[in-house]
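K.L.:
Below you will find the structure I want to go over with you.
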Amino acid sequence: MGAARMTQSQLVNNPNPARSGMMLSRVADTLYWLSRYLERAEHSARLIDLQLHLMLDQSPQTAENRWERLLYALYIKPPAELPSDGLSIANYITFHADQTNGISACIAAARENARHVRELISTEMWEQINRLSFRVKAAAIDPSWHDQPHEFYHEVKEGIHLFQGITDSTMSHGEGWQFIQIGRALERIGASANLLKLYYAELPASVFRTSASHDFLDWIGLLKSCTAFESYCKVYTADFRPDCIAEFLILNPHFPHAIRFAVSELYTALHAIEQLTDSKRGRGANRLVGRLRSLLEYGQIDEIVSGGLSAYLDEIQAQCSQIHEALYHAYISYPIEEMVS
C-alpha cells in the first residue's frame with residue numbers, strides 16, 4: 001500500500017491492495033479479505049432481496065430511484081446499456097463477470113482465499129464455502145433463478161451466516177480468527193455508513209424529529225436493509241422518525257449491525273491480536289480504533305445531526321481507512337527490519 005489514505009470507495013474497488021506489495025503475513029491478509037468478501041456479498045444479497053420485495057409496492061419511477069441508490073450503496077456503476085428493470089440490475093450485480101464487487105465475484109474470491117489457507121481453517125469451514133460457491137455458480141448458468149429470486153438470495157445470506165457460525169464453532173479463536181472478526185467489522189462499518197449517507201442525503205435537519213410517514217417505505221426499507229426492523233421496534237415501537245432510526249443504526253451498543261457495536265468488535269479483536277502476538281506494532285491501529293470508539297460512545301444524535309450527519313459518517317469512513325492502513329503496516333506489510341528487530 002502507498003502512503004496516501006484510501007477512501008472507503010477505494011477499499012471496495014481495490015480488493016487485496018497489499019498483494020501488489022511486500023507481503024510478510026499472507027495468512028493474516030488472506031483471512032482478513034476472506035471475511036471482508038463474505039460480508040460484502042451478504043450485504044449485497046440483503047439489499048437486492050429487499051429491493052425486489054419493495055418493487056411490489058412502488059411506482060416505476062420510485063423503483064428506478066431506489067435501484068440507483070442501491071447501486072451507489074454498493075459502489076457499482078452499471079454500463080449505460082443495462083436495462084433499468086429490477087431483475088436485470090439484480091442479475092448484473094449478482095453474476096456479471098466484470099463486476100468485481102458483485103455477489104458471485106465476492107464469493108469466488110472468498111473461496112480462493114480460503115483455498116490458500118486450507119490447512120489453517122477447519123474442514124467444516126472449507127466444505128461450507130464450497131457448498132455456497134457451487135450454489136452461486138449453478139444459479140449463474142441457470143436462468144430459472146429469476147422465478148424464485150428471493151429463495152436464491154435467502155440461500156446466499158443463510159450460507160454466509162452458516163459459514164460465520166461454523167467459523168466461530170470450529171476454528172481456534174487465535175490470531176487468525178481475530179483477523180476474520182476484523183475484516184467483517186471493518187467491512188460492515190464502511191457499508192453501513194455509506195448506506196446511511198445515501199438514505200439521509202439532503203434531508204433537512206428540521207425534519208429529523210418529525211414523523212417519517214411520508215417516506216414510510218424508505219425508512220422501513222433502511223431498517224430491513226440492516227436486519228434492524230424488529231430490534232428497532234422493541235426500542236422505539238413503531239415511531240419511524242429519522243433521528244431515532246439514525247440513532248439506533250449508528251449508536252446502539254447492542255445491535256450487531258449498528259456501527260457502534262461493530263466498532264466495539266473491532267476494538268476487541270485488535271487488542272486480542274496485540275496480546276496474542278505480544279507485539280507493540282499494533283499500538284497505532286489500537287489507538288485509532290480507540291479514538292473511533294470514543295467518537296461513538298460519547299456521541300449524541302442531536303449533536304451529530306446539528307453538526308451534519310453526512311460529515312459525521314464521512315469521518316467514520318475516513319477513520320476506518322486509517323485503521324486499515326495502520327493494520328497493514330503493523331501486521332501485514334511492515335518493513336523487513338521491523339520483523340527482525
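Just remember, in the C-alpha cells the first chain shown is A, the second B, etc., residues are 1-based per chain, and ligands are 1-based in the order shown.
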Considering only C-alpha atoms, tabulate each residue of region 73-182 of chain A that lies at most 12 Å from region 277-283 of chain A along with its nearest interatomic pair and the corresponding distance in Å to one decimal; arrange the rows by chain and ascending residue number and present them as a Markdown table.

P.N.:
| residue | atom | partner | partner_atom | distance |
| --- | --- | --- | --- | --- |
| A:Gly174 | CA | A:Thr277 | CA | 9.8 |
| A:Glu175 | CA | A:Thr277 | CA | 7.8 |
| A:Gly176 | CA | A:Thr277 | CA | 11.1 |
| A:Gln178 | CA | A:Thr277 | CA | 11.5 |

K.L.:
Can you list, as number ranges by chain, every protein, DNA or RNA residue that comes within 10 Å of Thr227 (chain A) when you count only C-alpha atoms, leaving out same-chain residues fewer than 6 positions away?

P.N.:
A: 46, 221, 255-257

K.L.:
Keeping only C-alpha atoms, write those residues as a PDB file, in the first residue's frame.

P.N.:
ATOM      1  CA  ARG A  46     -29.685  -8.331   1.684  1.00  0.00           C
ATOM      2  CA  GLY A 221     -36.517  -0.381   3.897  1.00  0.00           C
ATOM      3  CA  PHE A 255     -27.378  -4.425  17.882  1.00  0.00           C
ATOM      4  CA  PRO A 256     -24.866  -6.311  15.658  1.00  0.00           C
ATOM      5  CA  HIS A 257     -25.398  -4.170  12.551  1.00  0.00           C
TER       6      HIS A 257
END

K.L.:
Counting only C-alpha atoms, figure out which residue out of A:Thr167, A:Asn101, A:Thr237, A:Ser231 gets nearest to Gln181 (chain A).

P.N.:
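Of all the options, A:Thr167 lies closest to Gln181 (chain A).
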
K.L.:
Counting only C-alpha atoms, what is within 10 Å of Phe208 (chain A), bar same-chain residues fewer than 3 positions away, as an MDAnalysis selection string?

P.N.:
chainID A and resid 200 203:205 211:212 241:246 302 305

K.L.:
Got time to write the residues from that selection, C-alpha atoms, as a PDB file, in the first residue's frame?

P.N.:
ATOM      1  CA  TYR A 200     -30.148  10.754   4.650  1.00  0.00           C
ATOM      2  CA  LEU A 203     -32.654  15.526   4.395  1.00  0.00           C
ATOM      3  CA  PRO A 204     -33.088  18.860   6.217  1.00  0.00           C
ATOM      4  CA  ALA A 205     -32.191  18.786   9.900  1.00  0.00           C
ATOM      5  CA  SER A 211     -42.877  11.558  11.627  1.00  0.00           C
ATOM      6  CA  ALA A 212     -41.435   9.679   8.661  1.00  0.00           C
ATOM      7  CA  ARG A 241     -38.565   9.064  12.970  1.00  0.00           C
ATOM      8  CA  PRO A 242     -35.374   9.752  11.028  1.00  0.00           C
ATOM      9  CA  ASP A 243     -33.436  10.797  14.141  1.00  0.00           C
ATOM     10  CA  CYS A 244     -34.439   7.644  16.043  1.00  0.00           C
ATOM     11  CA  ILE A 245     -33.508   5.411  13.121  1.00  0.00           C
ATOM     12  CA  ALA A 246     -30.126   7.117  12.753  1.00  0.00           C
ATOM     13  CA  ASP A 302     -28.910  15.729  18.312  1.00  0.00           C
ATOM     14  CA  VAL A 305     -27.451  15.997  13.286  1.00  0.00           C
TER      15      VAL A 305
END

K.L.:
Between A:Arg26, A:Arg115, A:His43, A:Arg291, which is the closest to Lys157 (chain A) once you count only C-alpha atoms?

P.N.:
A:His43

K.L.:
When you draw a straight line from CA of Tyr72 (chain A) to CA of Leu87 (chain A), how long is it in Å?

P.N.:
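Distance between the two atoms: 17.1 Å.
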
K.L.:
Do you know which residues are at most 7 Å from Phe163 (chain A) counting only C-alpha atoms, after dropping those on the same chain fewer than 4 positions away, and could you put them as a ChimeraX atom specification?

P.N.:
/A:125,128-129,159,167

K.L.:
Within 9 Å of region 74-84 of chain A, counting only C-alpha atoms, which residues show up once you throw out same-chain ones fewer than 5 positions away? Write them as a PyMOL selection string, please.

P.N.:
chain A and resi 9+12-13+40+43-44+64+67+69+89+92-93+99+101-102+191+194-195

K.L.:
Could you pull the residues within 12 Å of Asp314 (chain A), counting only C-alpha atoms, minus those fewer than 6 positions along the same chain, as a PyMOL selection string?

P.N.:
chain A and resi 7-9+189-198+308+320-321

K.L.:
Quick one: residues within 10 Å of Ser25 (chain A), only C-alpha atoms counted, chain neighbours fewer than 6 positions away excluded, as a VMD selection string?

P.N.:
chain A and resid 328 331 to 334

K.L.:
Take the selection from the previous step and output its residues with N, CA and C atoms, as a compact mmCIF listing (two decimals), in the first residue's frame.

P.N.:
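Output below, filename result.txt:
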# COMPACT_ATOMS: atom_id res chain seq x y z
N TYR A 328 -2.42 -2.83 8.24
CA TYR A 328 -1.48 -3.38 7.26
C TYR A 328 -0.04 -3.09 7.65
N TYR A 331 0.82 -5.44 10.84
CA TYR A 331 0.79 -6.89 10.83
C TYR A 331 0.98 -7.55 9.46
N ILE A 332 0.86 -6.80 8.39
CA ILE A 332 0.83 -7.46 7.08
C ILE A 332 1.95 -6.99 6.17
N SER A 333 2.17 -5.70 6.05
CA SER A 333 3.19 -5.22 5.10
C SER A 333 4.24 -4.36 5.78
N TYR A 334 4.56 -4.69 7.03
CA TYR A 334 5.56 -3.90 7.75
C TYR A 334 6.95 -4.19 7.18

K.L.:
Give me every helix (DSSP H, G or I) residue in region 83-141 of chain A, going by DSSP on the backbone, as a PyMOL selection string.

P.N.:
chain A and resi 86-95+103-116+123-140

K.L.:
Hey, which of A:Asn286, A:Asn113, A:Gln58, A:Gln164 ends up closest to Phe216 (chain A)? Count only C-alpha atoms.

P.N.:
A:Gln58
